[in-house]
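Novice: Structure below; questions to follow.
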Amino acid sequence: MGKMQWQNSLSVGIDLIDNQHKQWIEYYNDTVEAVATQKGQAQVMKTLGFLIDYTETHFATEERHMTAGRYPALPEHKAKHDELRSTLAGLVKDFEDEGVTPELKKAIDTFLGNWLVQHIQEIDMKFGAYAKQEKIVIS
Ligand code: FEO
């Protein structure tokens with residue numbers, strides 16, 4: 001997958017969430033670039049740190065609105081978020097233990113990139129449709 005570009009097919013129809021996803025993709029791309037160009041341990045750690053912090057900010061936003069909107073699929077959605085939280089923590093540990101390995105690069109380029117796209121298109125999209133249907137204000 002490598003670097004990603006925002007496209008309309010990723011829009012869930014909620015400006016706040018779409019804007020966060022755009023920012024999320026930027027942090028993801030920064031991480032891909034830092035790893036691909038071997039920018040050094042400090043830069044890779046920094047970009048991974050930004051990505052993880054922003055992931056938490058974003059997940060917390062969605063979970064807060066899903067809770068407030070009594071979204072029935074919140075447990076399943078949150079379970080997916082928790083899976084990624086755990087995966088990202090594992091990537092940091094792998095990086096701290098062994099630096100940038102081919103496995104780490106593949107995990108970021110392929111697994112993480114695919115996860116982000118798939119999660120937005122399959123999981124977040126359902127919440128976007130629910131929020132519209134229930135007229136939940138998200139701002
Ligand atoms: Fe946009 Fe469920 O993360």
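Residues are referred to by chain and number: the chain letter is A, B, ... according to the order shown in the structure tokens, the number counts from 1 in that chain, and ligands are numbered separately from 1 in the order shown.
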What does the list of residues within 6 Å of ligand 1 look like if you count only C-alpha atoms and all ligand atoms, written as a ChimeraX atom specification?

Specialist: /A:59,120,124

Novice: Those same residues - C-alpha atoms - I'd like them written as a PDB file, in the first residue's frame.

Specialist:
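New file out-v2.pdb:
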ATOM      1  CA  PHE A  59     -10.814   6.857  18.394  1.00  0.00           C
ATOM      2  CA  ILE A 120     -13.012   3.576   7.363  1.00  0.00           C
ATOM      3  CA  ASP A 124     -16.779   3.941  10.208  1.00  0.00           C
TER       4      ASP A 124
END

Novice: Each residue of stretch 20-101 of chain A lying at most 12 Å from stretch 113-116 of chain A should get a row with its shortest atom-to-atom pair and the distance in Å to one decimal, counting only C-alpha atoms; could you produce that, ordered by chain and increasing number, as a Markdown table?

Specialist:
| residue | atom | partner | partner_atom | distance |
| --- | --- | --- | --- | --- |
| A:His21 | CA | A:Leu116 | CA | 9.0 |
| A:Lys22 | CA | A:Leu116 | CA | 11.1 |
| A:Trp24 | CA | A:Leu116 | CA | 9.0 |
| A:Ile25 | CA | A:Leu116 | CA | 8.4 |
| A:Glu26 | CA | A:Gly113 | CA | 11.7 |
| A:Tyr27 | CA | A:Gly113 | CA | 11.4 |
| A:Tyr28 | CA | A:Gly113 | CA | 7.8 |
| A:Asn29 | CA | A:Gly113 | CA | 9.2 |
| A:Thr31 | CA | A:Gly113 | CA | 10.8 |
| A:Val32 | CA | A:Gly113 | CA | 9.3 |
| A:Leu51 | CA | A:Leu116 | CA | 11.9 |
| A:Thr55 | CA | A:Leu116 | CA | 10.4 |
| A:Lys80 | CA | A:Trp115 | CA | 9.9 |
| A:His81 | CA | A:Leu116 | CA | 10.6 |
| A:Glu83 | CA | A:Trp115 | CA | 10.5 |
| A:Leu84 | CA | A:Trp115 | CA | 8.5 |
| A:Thr87 | CA | A:Trp115 | CA | 10.7 |
| A:Leu88 | CA | A:Trp115 | CA | 11.6 |

Novice: Could you tell me which of A:His77, A:Lys46, A:Lys3, A:Lys39 comes closest to A:Val92 if we count only C-alpha atoms?

Specialist: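 Distance minimum relative to A:Val92 lands on A:Lys46.
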
Novice: Can you pull out the residues contacting A:Glu103? Cut-off 10 Å, using only C-alpha atoms, and skip same-chain residues under 4 positions away; I want them as a PyMOL selection string.

Specialist: chain A and resi 91+94+107-109

Novice: Write the residues of the selection above to a file with C-alpha atoms, as a short mmCIF file (atom, residue, chain, number, x, y, z; two decimals), in the first residue's frame.

Specialist:
data_model
loop_
_atom_site.label_atom_id
_atom_site.label_comp_id
_atom_site.auth_asym_id
_atom_site.auth_seq_id
_atom_site.Cartn_x
_atom_site.Cartn_y
_atom_site.Cartn_z
CA LEU A 91 4.81 -2.12 16.50
CA ASP A 94 9.16 -4.25 17.86
CA ALA A 107 3.48 -4.21 8.87
CA ILE A 108 3.28 -0.44 8.43
CA ASP A 109 3.07 -0.37 4.62
#

Novice: For A:Tyr71, please output as an MDAnalysis selection string all residues within 12 Å (counting only C-alpha atoms; exclusion window: fewer than 2 positions along the same chain).

Specialist: chainID A and resid 62:69 73:78 124 126:134 136

Novice: Write the residues of the selection above to a file with N, CA, C and O atoms, as a CSV table (one decimal), in the first residue's frame.

Specialist:
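Output contents, as saved in again-v3.csv:
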chain,number,residue,atom,x,y,z
A,62,GLU,N,-14.6,9.3,18.1
A,62,GLU,CA,-15.7,8.5,17.6
A,62,GLU,C,-16.4,7.8,18.7
A,62,GLU,O,-17.7,7.7,18.8
A,63,GLU,N,-15.7,7.3,19.7
A,63,GLU,CA,-16.3,6.5,20.8
A,63,GLU,C,-17.2,7.4,21.6
A,63,GLU,O,-18.3,7.0,22.1
A,64,ARG,N,-16.8,8.6,21.8
A,64,ARG,CA,-17.6,9.6,22.6
A,64,ARG,C,-18.9,9.8,21.9
A,64,ARG,O,-20.0,9.8,22.5
A,65,HIS,N,-18.9,10.0,20.6
A,65,HIS,CA,-20.1,10.3,19.8
A,65,HIS,C,-21.0,9.1,19.7
A,65,HIS,O,-22.2,9.1,19.7
A,66,MET,N,-20.3,7.9,19.6
A,66,MET,CA,-21.1,6.7,19.5
A,66,MET,C,-21.8,6.4,20.8
A,66,MET,O,-23.0,6.0,20.8
A,67,THR,N,-21.2,6.7,21.9
A,67,THR,CA,-21.8,6.5,23.2
A,67,THR,C,-23.0,7.5,23.4
A,67,THR,O,-24.1,7.1,23.7
A,68,ALA,N,-22.7,8.8,23.1
A,68,ALA,CA,-23.7,9.8,23.2
A,68,ALA,C,-24.9,9.5,22.3
A,68,ALA,O,-26.1,9.8,22.7
A,69,GLY,N,-24.7,8.9,21.1
A,69,GLY,CA,-25.7,8.7,20.2
A,69,GLY,C,-26.3,7.3,20.3
A,69,GLY,O,-27.1,6.9,19.5
A,73,ALA,N,-24.0,-0.6,17.6
A,73,ALA,CA,-22.8,-1.4,17.2
A,73,ALA,C,-21.5,-0.9,17.9
A,73,ALA,O,-20.4,-1.3,17.5
A,74,LEU,N,-21.7,0.0,18.9
A,74,LEU,CA,-20.5,0.5,19.6
A,74,LEU,C,-19.5,-0.6,20.1
A,74,LEU,O,-18.3,-0.5,19.9
A,75,PRO,N,-20.0,-1.7,20.8
A,75,PRO,CA,-19.0,-2.7,21.3
A,75,PRO,C,-18.2,-3.3,20.2
A,75,PRO,O,-17.0,-3.4,20.3
A,76,GLU,N,-18.8,-3.6,19.0
A,76,GLU,CA,-18.0,-4.2,17.9
A,76,GLU,C,-17.0,-3.2,17.3
A,76,GLU,O,-15.9,-3.5,17.0
A,77,HIS,N,-17.5,-1.9,17.2
A,77,HIS,CA,-16.6,-0.9,16.7
A,77,HIS,C,-15.4,-0.6,17.6
A,77,HIS,O,-14.3,-0.6,17.2
A,78,LYS,N,-15.8,-0.5,18.9
A,78,LYS,CA,-14.7,-0.2,19.9
A,78,LYS,C,-13.7,-1.4,19.9
A,78,LYS,O,-12.5,-1.2,20.1
A,124,ASP,N,-16.4,2.5,10.0
A,124,ASP,CA,-16.8,3.9,10.2
A,124,ASP,C,-18.0,4.4,9.3
A,124,ASP,O,-18.8,5.2,9.8
A,126,LYS,N,-20.5,2.7,8.5
A,126,LYS,CA,-21.8,2.3,9.2
A,126,LYS,C,-22.2,3.3,10.2
A,126,LYS,O,-23.4,3.6,10.4
A,127,PHE,N,-21.2,3.8,11.0
A,127,PHE,CA,-21.6,4.8,12.0
A,127,PHE,C,-22.0,6.1,11.3
A,127,PHE,O,-22.9,6.8,11.8
A,128,GLY,N,-21.3,6.4,10.2
A,128,GLY,CA,-21.7,7.7,9.5
A,128,GLY,C,-23.2,7.6,9.1
A,128,GLY,O,-23.9,8.5,9.2
A,129,ALA,N,-23.6,6.4,8.5
A,129,ALA,CA,-24.9,6.2,8.1
A,129,ALA,C,-25.9,6.3,9.3
A,129,ALA,O,-27.0,6.9,9.2
A,130,TYR,N,-25.5,5.7,10.4
A,130,TYR,CA,-26.4,5.7,11.6
A,130,TYR,C,-26.6,7.2,12.1
A,130,TYR,O,-27.7,7.6,12.4
A,131,ALA,N,-25.5,7.9,12.1
A,131,ALA,CA,-25.5,9.3,12.6
A,131,ALA,C,-26.4,10.1,11.7
A,131,ALA,O,-27.2,11.0,12.3
A,132,LYS,N,-26.4,9.9,10.5
A,132,LYS,CA,-27.2,10.7,9.5
A,132,LYS,C,-28.7,10.3,9.8
A,132,LYS,O,-29.6,11.1,9.9
A,133,GLN,N,-28.9,9.0,9.8
A,133,GLN,CA,-30.3,8.5,10.0
A,133,GLN,C,-30.9,9.0,11.3
A,133,GLN,O,-32.1,9.4,11.4
A,134,GLU,N,-30.1,9.0,12.4
A,134,GLU,CA,-30.6,9.4,13.7
A,134,GLU,C,-30.5,10.9,13.9
A,134,GLU,O,-30.8,11.4,15.0
A,136,ILE,N,-27.8,12.7,14.4
A,136,ILE,CA,-26.9,13.0,15.5
A,136,ILE,C,-26.0,14.1,15.1
A,136,ILE,O,-25.4,14.0,14.0

Novice: What does the distance between atom CA of A:Thr37 and atom CA of A:Thr101 come to in Å, to one decimal place?

Specialist: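 The value is 12.6 Å.
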
Novice: Chain A: which residues are alpha helix (DSSP H) by DSSP, as an MDAnalysis selection string?

Specialist: chainID A and resid 15:36 41:68 74:98 102:106 113:118 125:133

Novice: Just give me the gap between atom CA of A:Phe111 and atom CA of A:Glu33 in Å, one decimal is fine.

Specialist: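 That distance, rounded to one decimal, is 15.5 Å.
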
Novice: When distances are computed from only C-alpha atoms, which of A:Asp30, A:Ala79, A:Lys93, A:Val35 shows the smallest separation from A:Lys106?

Specialist: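 Residue with the minimum atom-to-atom distance to A:Lys106: A:Val35.
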